[in-house]
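Everything below belongs to final-v7.txt, which stores compact mmCIF, C-alpha atoms and all ligand atoms.
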# COMPACT_ATOMS: atom_id res chain seq x y z
CA MET A 771 33.00 35.19 -66.14
CA ILE A 772 31.37 37.60 -63.76
CA ASP A 773 28.17 37.26 -65.82
CA ARG A 774 28.48 33.50 -65.63
CA LEU A 775 28.78 33.67 -61.83
CA GLU A 776 25.70 35.93 -61.57
CA THR A 777 23.71 33.49 -63.72
CA LEU A 778 24.82 30.61 -61.51
CA GLU A 779 23.74 32.47 -58.37
CA LYS A 780 20.29 33.11 -59.89
CA GLU A 781 20.01 29.48 -60.96
CA PHE A 782 21.03 28.26 -57.51
CA MET A 783 18.53 30.52 -55.73
CA GLU A 784 15.70 29.38 -58.03
CA ASN A 785 16.51 25.69 -57.63
CA ILE A 786 16.87 25.72 -53.86
CA GLN A 787 13.31 27.02 -53.41
CA LYS A 788 11.90 23.81 -54.95
CA LEU A 789 13.82 21.36 -52.72
CA LYS A 790 12.21 19.64 -49.73
CA THR A 791 14.72 17.10 -48.37
CA GLU A 792 18.22 17.11 -46.97
CA ALA A 793 19.37 14.70 -49.70
CA GLU A 794 18.10 17.01 -52.45
CA LEU A 795 19.91 19.95 -50.84
CA LEU A 796 23.18 18.01 -50.62
CA ASN A 797 22.86 17.05 -54.28
CA LEU A 798 22.36 20.70 -55.21
CA LYS A 799 25.41 21.64 -53.20
CA SER A 800 27.58 19.14 -55.04
CA GLU A 801 26.03 20.27 -58.39
CA PHE A 802 27.46 23.75 -57.71
CA LEU A 803 30.42 23.23 -55.38
CA GLY A 804 31.46 19.59 -56.03
CA LYS A 805 34.85 18.88 -57.73
CA LYS A 806 33.22 19.11 -61.14
CA GLY A 807 30.48 21.49 -59.94
CA LYS A 808 29.43 24.59 -61.84
CA VAL A 809 31.13 27.11 -59.55
CA SER A 810 34.25 24.95 -59.26
CA GLN A 811 34.54 24.92 -63.04
CA VAL A 812 34.46 28.73 -63.13
CA LEU A 813 37.18 28.82 -60.48
CA ALA A 814 39.24 26.28 -62.44
CA GLY A 815 38.96 28.55 -65.51
CA LEU A 816 40.75 31.29 -63.54
CA ARG A 817 43.98 29.42 -64.05
CA ASN A 818 44.10 30.68 -67.64
CA ALA A 819 42.89 34.21 -66.79
CA SER A 820 45.13 37.31 -66.60
CA PRO A 821 46.22 38.51 -63.13
CA GLU A 822 43.77 41.48 -63.30
CA GLU A 823 40.86 39.18 -64.16
CA ARG A 824 41.82 36.87 -61.29
CA LYS A 825 41.84 39.82 -58.88
CA SER A 826 38.36 40.92 -59.87
CA ILE A 827 36.69 37.51 -60.44
CA GLY A 828 38.32 35.55 -57.55
CA PRO A 829 36.56 37.37 -54.68
CA VAL A 830 33.17 37.23 -56.48
CA ALA A 831 33.52 33.48 -57.03
CA ASN A 832 34.54 32.92 -53.39
CA THR A 833 31.63 35.02 -52.12
CA LEU A 834 29.24 32.92 -54.22
CA LYS A 835 30.84 29.73 -52.88
CA ASP A 836 30.36 30.94 -49.28
CA LYS A 837 26.79 32.02 -50.00
CA ILE A 838 25.87 28.62 -51.47
CA GLN A 839 27.41 26.82 -48.49
CA ALA A 840 25.66 29.05 -45.93
CA THR A 841 22.27 28.87 -47.67
CA ILE A 842 22.40 25.06 -47.90
CA GLY A 843 23.40 24.88 -44.18
CA GLN A 844 20.49 27.13 -43.14
CA ARG A 845 17.98 25.14 -45.16
CA ILE A 846 19.17 21.81 -43.68
CA GLN A 847 18.89 23.24 -40.16
CA ALA A 848 15.38 24.53 -40.91
CA LEU A 849 14.38 21.07 -42.17
CA GLU A 850 15.63 19.44 -38.94
CA ILE A 851 13.61 21.88 -36.81
CA ASP A 852 10.51 21.20 -38.96
CA SER A 853 10.92 17.44 -38.45
CA ILE A 854 11.30 17.80 -34.63
CA ASN A 855 8.19 19.99 -34.50
CA GLU A 856 6.28 17.45 -36.58
CA LYS A 857 7.22 14.63 -34.13
CA LEU A 858 6.22 16.75 -31.12
CA ALA A 859 2.86 17.53 -32.72
CA GLU A 860 2.23 13.81 -33.37
CA ASN A 861 2.86 12.88 -29.69
CA LYS A 862 1.14 15.89 -28.27
CA MET A 863 0.40 15.78 -24.51
CA ASP A 864 -2.37 17.96 -23.17
CA LEU A 865 -1.21 19.10 -19.75
CA SER A 866 -4.17 21.37 -19.20
CA LEU A 867 -6.80 18.76 -18.08
CA THR A 868 -9.96 20.42 -16.90
CA SER A 869 -11.74 19.39 -13.68
CA ASP A 870 -14.61 17.70 -15.55
CA VAL A 871 -12.11 15.47 -17.38
CA LEU A 872 -10.38 14.69 -14.09
CA ALA A 873 -13.72 13.84 -12.46
CA SER A 874 -14.38 11.19 -15.09
CA THR A 875 -11.01 9.43 -14.56
CA PRO A 876 -11.12 6.36 -12.28
CA HIS A 877 -10.25 6.76 -8.56
CA SER A 878 -7.01 5.19 -7.44
CA GLY A 879 -7.50 3.14 -4.29
CA GLY A 880 -5.65 3.11 -0.99
CA LEU A 881 -5.28 0.72 1.91
CA HIS A 882 -7.98 0.60 4.61
CA PRO A 883 -6.69 2.04 7.91
CA ARG A 884 -7.25 -1.36 9.56
CA THR A 885 -5.02 -3.02 6.96
CA LEU A 886 -2.37 -0.35 7.52
CA ILE A 887 -2.30 -1.00 11.29
CA GLN A 888 -2.53 -4.77 10.90
CA ARG A 889 0.52 -4.76 8.62
CA GLU A 890 2.42 -2.55 11.05
CA ILE A 891 1.66 -4.93 13.94
CA GLU A 892 2.60 -7.96 11.84
CA ASP A 893 5.96 -6.35 11.06
CA VAL A 894 6.59 -5.61 14.76
CA PHE A 895 5.83 -9.20 15.80
CA LEU A 896 7.61 -10.82 12.85
CA SER A 897 10.73 -8.90 13.91
CA MET A 898 10.35 -10.47 17.39
CA GLY A 899 10.21 -14.02 16.00
CA PHE A 900 6.42 -14.52 15.90
CA GLU A 901 4.61 -16.36 13.07
CA VAL A 902 1.40 -14.96 11.52
CA LEU A 903 -1.47 -17.52 11.46
CA ASP A 904 -4.97 -17.59 9.97
CA GLY A 905 -8.08 -19.62 10.83
CA PRO A 906 -11.63 -20.27 9.55
CA HIS A 907 -14.52 -17.84 10.18
CA ILE A 908 -16.93 -20.78 10.61
CA GLU A 909 -15.86 -22.70 13.67
CA ASP A 910 -17.10 -25.63 15.73
CA GLU A 911 -17.93 -25.57 19.44
CA PHE A 912 -14.74 -27.38 20.34
CA HIS A 913 -12.34 -24.77 18.95
CA ASN A 914 -14.42 -21.68 19.82
CA PHE A 915 -15.46 -22.75 23.35
CA GLU A 916 -14.64 -26.18 24.78
CA ALA A 917 -10.89 -26.24 24.12
CA LEU A 918 -10.74 -22.75 25.59
CA ASN A 919 -12.06 -24.01 28.92
CA ILE A 920 -15.65 -22.90 28.26
CA PRO A 921 -17.77 -26.06 28.54
CA ASP A 922 -21.40 -26.25 27.34
CA THR A 923 -23.06 -25.11 30.55
CA HIS A 924 -20.44 -22.51 31.44
CA PRO A 925 -21.98 -19.04 32.00
CA ALA A 926 -19.03 -17.50 30.11
CA ARG A 927 -20.73 -18.58 26.87
CA ASP A 928 -23.22 -15.77 27.47
CA MET A 929 -20.37 -13.23 27.41
CA GLN A 930 -20.28 -13.55 23.64
CA ASP A 931 -23.65 -13.53 21.84
CA THR A 932 -23.15 -16.17 19.22
CA PHE A 933 -24.42 -16.65 15.65
CA TRP A 934 -25.16 -20.39 15.47
CA PHE A 935 -25.66 -22.47 12.30
CA HIS A 936 -28.04 -25.39 12.09
CA ASN A 937 -27.19 -28.13 9.64
CA PRO A 938 -29.78 -27.77 6.84
CA HIS A 939 -29.14 -31.33 5.62
CA ASP A 940 -29.29 -33.30 8.83
CA ASP A 941 -30.76 -32.01 12.11
CA SER A 942 -29.56 -35.11 13.93
CA ILE A 943 -25.91 -34.00 13.61
CA LYS A 944 -24.82 -33.12 17.12
CA GLU A 945 -21.71 -31.08 16.19
CA LYS A 946 -22.73 -27.43 16.21
CA PHE A 947 -21.13 -24.77 14.00
CA LEU A 948 -20.98 -21.04 14.58
CA LEU A 949 -19.38 -17.82 13.33
CA ARG A 950 -16.30 -17.51 15.53
CA THR A 951 -16.95 -15.02 18.32
CA HIS A 952 -13.26 -14.22 18.77
CA THR A 953 -9.90 -15.08 17.22
CA SER A 954 -8.99 -17.31 20.20
CA PRO A 955 -9.90 -20.60 18.38
CA ILE A 956 -6.75 -19.97 16.33
CA GLN A 957 -4.85 -20.47 19.62
CA VAL A 958 -6.22 -24.03 19.71
CA ARG A 959 -5.43 -24.74 16.05
CA GLY A 960 -1.95 -23.21 16.48
CA MET A 961 -1.16 -25.35 19.56
CA LEU A 962 -2.37 -28.60 17.94
CA GLU A 963 -0.20 -27.98 14.87
CA ARG A 964 3.12 -27.26 16.63
CA THR A 965 5.33 -28.28 19.54
CA PRO A 966 6.65 -25.79 22.10
CA PRO A 967 8.39 -23.44 22.24
CA PHE A 968 6.48 -21.28 19.75
CA ARG A 969 5.01 -17.83 19.38
CA PHE A 970 2.46 -16.54 16.89
CA ILE A 971 -0.11 -13.85 16.21
CA ALA A 972 -3.40 -14.29 14.30
CA PRO A 973 -5.36 -11.30 12.97
CA GLY A 974 -8.93 -11.80 11.75
CA SER A 975 -12.65 -11.01 11.90
CA ALA A 976 -14.95 -12.00 14.75
CA PHE A 977 -18.76 -12.00 14.82
CA ARG A 978 -21.18 -11.28 17.67
CA CYS A 979 -24.92 -10.76 17.69
CA GLU A 980 -24.64 -7.36 19.40
CA ARG A 981 -26.41 -4.04 19.32
CA THR A 982 -24.02 -1.64 17.57
CA ASP A 983 -22.82 1.65 19.04
CA ALA A 984 -19.78 3.93 18.73
CA SER A 985 -17.42 1.18 19.93
CA HIS A 986 -19.29 -2.07 19.11
CA GLU A 987 -19.82 -3.71 15.72
CA ILE A 988 -21.38 -7.05 14.76
CA VAL A 989 -18.42 -7.88 12.53
CA PHE A 990 -15.23 -6.60 14.09
CA ASN A 991 -11.56 -7.50 14.12
CA GLN A 992 -9.17 -8.86 16.68
CA LEU A 993 -5.54 -9.81 16.70
CA GLU A 994 -4.77 -12.87 18.76
CA GLY A 995 -1.34 -13.56 20.17
CA MET A 996 0.18 -16.58 21.92
CA MET A 997 3.59 -17.47 23.28
CA VAL A 998 4.34 -20.89 24.79
CA GLY A 999 7.64 -22.01 26.31
CA LYS A 1000 9.33 -22.65 29.62
CA ASN A 1001 9.22 -20.22 32.56
CA ILE A 1002 7.28 -17.51 30.79
CA SER A 1003 6.05 -14.82 33.19
CA VAL A 1004 3.62 -11.90 33.40
CA SER A 1005 6.64 -9.59 32.90
CA ASN A 1006 7.21 -11.15 29.48
CA LEU A 1007 3.58 -10.50 28.63
CA ILE A 1008 3.75 -6.86 29.75
CA TYR A 1009 7.01 -6.34 27.84
CA PHE A 1010 5.51 -7.47 24.53
CA MET A 1011 2.34 -5.42 25.06
CA LYS A 1012 4.43 -2.29 25.75
CA VAL A 1013 6.56 -2.83 22.63
CA LEU A 1014 3.40 -3.24 20.57
CA LEU A 1015 1.74 -0.04 21.82
CA LYS A 1016 4.94 2.01 21.53
CA GLU A 1017 5.53 0.91 17.93
CA ILE A 1018 1.94 1.68 16.93
CA PHE A 1019 1.45 5.03 18.66
CA LYS A 1020 5.08 6.17 18.29
CA LYS A 1021 4.78 7.79 21.70
CA GLU A 1022 4.16 6.80 25.31
CA VAL A 1023 0.43 6.23 25.86
CA GLU A 1024 -1.24 5.95 29.25
CA VAL A 1025 -2.43 2.40 29.96
CA ARG A 1026 -3.81 0.58 32.97
CA LEU A 1027 -3.77 -3.10 33.77
CA ARG A 1028 -6.64 -4.45 35.84
CA PRO A 1029 -7.81 -7.97 36.66
CA GLY A 1030 -10.11 -9.44 34.00
CA PHE A 1031 -11.95 -12.73 33.79
CA PHE A 1032 -11.58 -14.99 30.78
CA PRO A 1033 -11.92 -18.77 31.31
CA PHE A 1034 -8.90 -19.45 29.07
CA VAL A 1035 -6.37 -17.42 31.10
CA GLU A 1036 -5.36 -17.41 34.74
CA PRO A 1037 -4.56 -14.82 35.91
CA GLY A 1038 -6.37 -12.67 33.35
CA PHE A 1039 -6.00 -8.94 32.74
CA GLU A 1040 -7.68 -6.14 30.91
CA LEU A 1041 -5.26 -3.63 29.44
CA ASP A 1042 -7.12 -0.37 28.87
CA ILE A 1043 -5.82 2.70 27.05
CA ASN A 1044 -6.56 6.25 28.11
CA CYS A 1045 -9.12 7.37 25.51
CA LEU A 1046 -7.28 9.32 22.81
CA ILE A 1047 -10.53 10.63 21.31
CA CYS A 1048 -11.39 12.75 24.39
CA SER A 1049 -7.98 12.66 26.17
CA GLY A 1050 -9.63 10.81 29.03
CA LYS A 1051 -12.37 13.39 29.64
CA GLY A 1052 -15.20 11.04 28.67
CA CYS A 1053 -17.00 10.53 25.32
CA SER A 1054 -19.29 8.07 23.53
CA VAL A 1055 -16.33 5.86 22.50
CA CYS A 1056 -15.12 5.33 26.10
CA LYS A 1057 -18.68 5.44 27.42
CA GLN A 1058 -17.77 8.51 29.51
CA THR A 1059 -15.16 6.52 31.51
CA GLY A 1060 -12.02 7.99 29.93
CA TRP A 1061 -10.67 4.44 29.27
CA VAL A 1062 -11.06 2.08 26.31
CA GLU A 1063 -10.85 -1.71 26.66
CA LEU A 1064 -8.23 -2.67 24.13
CA LEU A 1065 -6.11 -5.61 25.04
CA PRO A 1066 -7.39 -8.43 27.23
CA CYS A 1067 -4.62 -10.86 28.06
CA GLY A 1068 -3.29 -13.30 30.63
CA MET A 1069 -1.33 -16.45 31.40
CA ILE A 1070 -2.71 -19.45 29.49
CA HIS A 1071 -4.95 -21.68 31.63
CA PRO A 1072 -3.52 -25.22 32.12
CA ASN A 1073 -6.75 -26.73 30.71
CA VAL A 1074 -6.20 -24.84 27.46
CA LEU A 1075 -2.63 -26.13 27.17
CA LYS A 1076 -3.94 -29.67 27.77
CA ALA A 1077 -6.56 -29.24 24.99
CA GLY A 1078 -3.65 -28.24 22.72
CA ASN A 1079 -1.72 -31.44 23.65
CA ILE A 1080 0.81 -29.48 25.70
CA ASP A 1081 1.92 -30.59 29.17
CA PRO A 1082 1.15 -27.71 31.59
CA GLU A 1083 3.66 -29.15 34.08
CA GLU A 1084 6.46 -28.50 31.58
CA TYR A 1085 5.30 -25.48 29.62
CA ASN A 1086 3.38 -22.27 30.22
CA GLY A 1087 2.76 -19.07 28.30
CA PHE A 1088 0.67 -15.99 27.69
CA ALA A 1089 -2.09 -15.03 25.27
CA PHE A 1090 -3.79 -11.81 24.28
CA GLY A 1091 -6.72 -10.72 22.09
CA LEU A 1092 -6.25 -7.17 20.82
CA GLY A 1093 -9.33 -5.23 19.64
CA LEU A 1094 -7.95 -4.17 16.25
CA ASP A 1095 -10.75 -1.75 15.27
CA ARG A 1096 -10.52 0.07 18.58
CA LEU A 1097 -6.76 0.39 18.18
CA VAL A 1098 -7.33 1.92 14.71
CA MET A 1099 -9.84 4.34 16.25
CA MET A 1100 -7.36 5.43 18.93
CA LYS A 1101 -4.48 5.77 16.48
CA TYR A 1102 -6.35 7.91 13.93
CA GLY A 1103 -8.84 9.66 16.26
CA ILE A 1104 -11.94 7.97 14.72
CA ASP A 1105 -14.95 8.63 16.95
CA ASP A 1106 -17.27 5.85 15.72
CA ILE A 1107 -16.38 2.25 14.84
CA ARG A 1108 -19.19 2.19 12.24
CA HIS A 1109 -17.15 4.44 9.93
CA LEU A 1110 -14.69 1.56 9.45
CA ASN A 1111 -17.12 -0.72 7.59
CA SER A 1112 -19.25 2.02 6.06
CA GLY A 1113 -17.62 1.80 2.64
CA ASP A 1114 -17.88 5.61 2.49
CA LEU A 1115 -15.12 6.79 0.14
CA ARG A 1116 -14.95 10.18 1.86
CA PHE A 1117 -13.83 8.30 5.00
CA ASN A 1118 -11.51 5.84 3.28
CA GLU A 1119 -9.74 8.45 1.16
CA GLN A 1120 -8.42 10.27 4.22
CA PHE A 1121 -5.92 7.44 4.77
CA LYS A 1122 -4.51 7.25 1.22
CA SER A 1123 -1.37 9.15 2.09
CA TYR A 1124 -0.50 7.20 5.27
C1 LIG B 1 -12.05 -11.83 23.88
O1 LIG B 1 -12.62 -11.89 22.77
C2 LIG B 1 -10.93 -12.77 24.20
N1 LIG B 1 -10.89 -13.83 23.26
C3 LIG B 1 -9.64 -12.00 24.25
C4 LIG B 1 -8.52 -12.72 24.93
C5 LIG B 1 -7.62 -13.47 24.19
C6 LIG B 1 -8.36 -12.65 26.31
C7 LIG B 1 -6.58 -14.15 24.81
C8 LIG B 1 -7.33 -13.29 26.95
C9 LIG B 1 -6.45 -14.05 26.19
P1 LIG B 1 -13.26 -9.65 24.59
O2 LIG B 1 -14.63 -10.13 24.40
O3 LIG B 1 -13.04 -8.69 25.69
O4 LIG B 1 -12.19 -10.83 24.73
O5 LIG B 1 -12.78 -8.96 23.24
C10 LIG B 1 -11.46 -8.53 23.05
C11 LIG B 1 -11.39 -7.13 22.46
O6 LIG B 1 -12.11 -7.13 21.23
C12 LIG B 1 -12.07 -6.06 23.29
O7 LIG B 1 -11.19 -5.50 24.24
C13 LIG B 1 -12.45 -5.03 22.26
O8 LIG B 1 -11.37 -4.18 21.99
C14 LIG B 1 -12.76 -5.90 21.05
N2 LIG B 1 -14.20 -6.13 20.91
C15 LIG B 1 -14.99 -7.01 21.56
N3 LIG B 1 -16.24 -6.95 21.13
C16 LIG B 1 -16.27 -6.01 20.17
C17 LIG B 1 -17.29 -5.47 19.30
N4 LIG B 1 -18.53 -5.92 19.33
N5 LIG B 1 -16.95 -4.49 18.45
C18 LIG B 1 -15.67 -4.05 18.40
N6 LIG B 1 -14.67 -4.51 19.14
C19 LIG B 1 -14.96 -5.47 20.03
Encoding of this model in structure tokens:
Amino acid sequence: MIDRLETLEKEFMENIQKLKTEAELLNLKSEFLGKKGKVSQVLAGLRNASPEERKSIGPVANTLKDKIQATIGQRIQALEIDSINEKLAENKMDLSLTSDVLASTPHSGGLHPRTLIQREIEDVFLSMGFEVLDGPHIEDEFHNFEALNIPDTHPARDMQDTFWFHNPHDDSIKEKFLLRTHTSPIQVRGMLERTPPFRFIAPGSAFRCERTDASHEIVFNQLEGMMVGKNISVSNLIYFMKVLLKEIFKKEVEVRLRPGFFPFVEPGFELDINCLICSGKGCSVCKQTGWVELLPCGMIHPNVLKAGNIDPEEYNGFAFGLGLDRLVMMKYGIDDIRHLNSGDLRFNEQFKSY
């Protein structure tokens, strides 16, 4: 019987080398250790053996049984590890990208600093009950000038060098079109479309035929604001302007309010900010004055309310026209407005993480 057990062990060790799957291994196990398996049959034969034989053969048979079980278990475990490694190799991720590979991957974009600030301002005003309006870039004389109390012969028209269109189809058409010189025509459109009380802001581009410098562009951006109701005062205007500047700069900034002339407001003010580029010492952005014109504003002129079909005896209000690009410059310390439209990625990428 001992010989038989040794033969079985040899046979088992030879067979197991050839097997490649878990199922084959389990079959082999039952071939040797199953109820009618080869080792089990030897053990069953012990019943008829003498006590001495049982003593000597029993432990050998049990050792073989344990060895078969352990060997099968180890082989199954090894197969599982092989299969995990195979899967990992199939889905291999190379985490060691070299700089030349990185350089060829597309750039991910970011928001332009002007968009970042515009969205911040919109959130501030939306939270104070203002609507956000839009208007056309190509305007007519009525909305850009006349309704804003700037008639044809008014010298104030020279304050804003205008890009005019002529009608290529019919020169006899009297209505003249232009690229809006400010966002104030949206005031007129806003008034004609609603009844007081109301309050809105209107961000957008404006166009002037100007010589460019560190603080002037031909295409630039403003953010118009208007509030119409009963008994609105200059204090209300100053309150909203202070909230706006505090939310944007997240700190107290030095401002000054001085009289300013705009035909569409009376009284009119210029709100200047102490230049944050040079801390008021004087630079090319503030034209060596230490102050930057940022936020012209005032109480709406009665003629403007009339042009918007609003009775100036019953209602009044304030309006402002924030220079959005200059605000962006002050907020981020940008020393030349021309960087904003340059399309230079080295400039734009600095704001990705804001
Ligand atoms: C106006 O355009 C008025 N419509 C503003 C207004 C609205 C006043 C409502 C009262 C009531 P002004 O021309 O000053 O005003 O322009 C307003 C702001 O736009 C300026 O303070 C400045 O910050 C900005 N700005 C004007 N021209 C340029 C330019 N060429 N480049 C960049 N920013 C400019």
Practice task
Grab me every residue within 6 Å of ligand LIG 1 (chain B), counting all atoms listed in the file, and send it over as a PyMOL selection string.
Solution key: chain A and resi 952+954+985-988+990+992+1032+1035+1063-1068+1089-1093+1096
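Nearest residue to Leu803 of chain A among A:Lys835, A:Ile786, A:Ile772, A:Ile1104 is A:Lys835, counting only C-alpha atoms.
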Handout entry: Spatial neighbours of Asp910 of chain A, max dist 8 Å, only C-alpha atoms, sep filter under 6 positions, as a list in words
Key =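 Skipping anything fewer than 6 positions along the chain leaves Glu945, Lys946, Phe947 and Leu948 of chain A.
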Within 12 Å of Lys837 of chain A using all atoms listed in the file, minus same-chain residues under 2 positions, as a short mmCIF file (atom, residue, chain, number, x, y, z; two decimals) with C-alpha atoms, in the coordinates of the input:
data_model
loop_
_atom_site.label_atom_id
_atom_site.label_comp_id
_atom_site.auth_asym_id
_atom_site.auth_seq_id
_atom_site.Cartn_x
_atom_site.Cartn_y
_atom_site.Cartn_z
CA LEU A 778 24.82 30.61 -61.51
CA GLU A 779 23.74 32.47 -58.37
CA LYS A 780 20.29 33.11 -59.89
CA PHE A 782 21.03 28.26 -57.51
CA MET A 783 18.53 30.52 -55.73
CA LYS A 799 25.41 21.64 -53.20
CA PHE A 802 27.46 23.75 -57.71
CA LEU A 803 30.42 23.23 -55.38
CA VAL A 809 31.13 27.11 -59.55
CA VAL A 830 33.17 37.23 -56.48
CA ALA A 831 33.52 33.48 -57.03
CA ASN A 832 34.54 32.92 -53.39
CA THR A 833 31.63 35.02 -52.12
CA LEU A 834 29.24 32.92 -54.22
CA LYS A 835 30.84 29.73 -52.88
CA GLN A 839 27.41 26.82 -48.49
CA ALA A 840 25.66 29.05 -45.93
CA THR A 841 22.27 28.87 -47.67
CA ILE A 842 22.40 25.06 -47.90
CA GLY A 843 23.40 24.88 -44.18
CA GLN A 844 20.49 27.13 -43.14
#
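Using all atoms listed in the file, the contacts of Ile887 of chain A at a cut-off of 9 Å, with sequence neighbours closer than 5 positions omitted, comprise His882, Glu892, Ile1018, Leu1094, Leu1097, Val1098 and Lys1101 of chain A.
When all atoms listed in the file are used to measure the gap to Leu1014 of chain A, the shortest distance among A:Pro921, A:Gly1087, A:Pro1037, A:Gly995 belongs to A:Gly995.
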Practice task
Tell me which of A:Met997, A:Leu858, A:Phe1088, A:His913 sits closest to Phe1039 of chain A, counting only C-alpha atoms.
Solution key: A:Phe1088
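Rounded to one decimal, atom CA of Leu1075 of chain A and atom CA of Val1004 of chain A lie 16.7 Å from each other.
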Problem - Point-to-point distance from atom CA of Pro1033 of chain A to atom CA of Ile920 of chain A, Å rounded to tenths - result: 6.3 Å
Fill in the blank from the handout: Among A:Lys805, A:Gly1060, A:Gly899, A:Met1069, Pro1029 of chain A is approached most closely, using all atoms listed in the file, by A:Met1069
Handout entry: Shell around segment 923-938 of chain A at 12 Å using all atoms listed in the file, local window under 3 positions removed, as a PyMOL selection string
Key = chain A and resi 907-911+914-916+918-920+941-952+976-981+988-989+1031-1034
Problem - Interatomic distance (Å, one decimal) between atom CA of Cys1048 of chain A and atom CA of Asp893 of chain A - result: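 Atom-to-atom, atom CA of Cys1048 of chain A and atom CA of Asp893 of chain A are spaced 29.0 Å apart.
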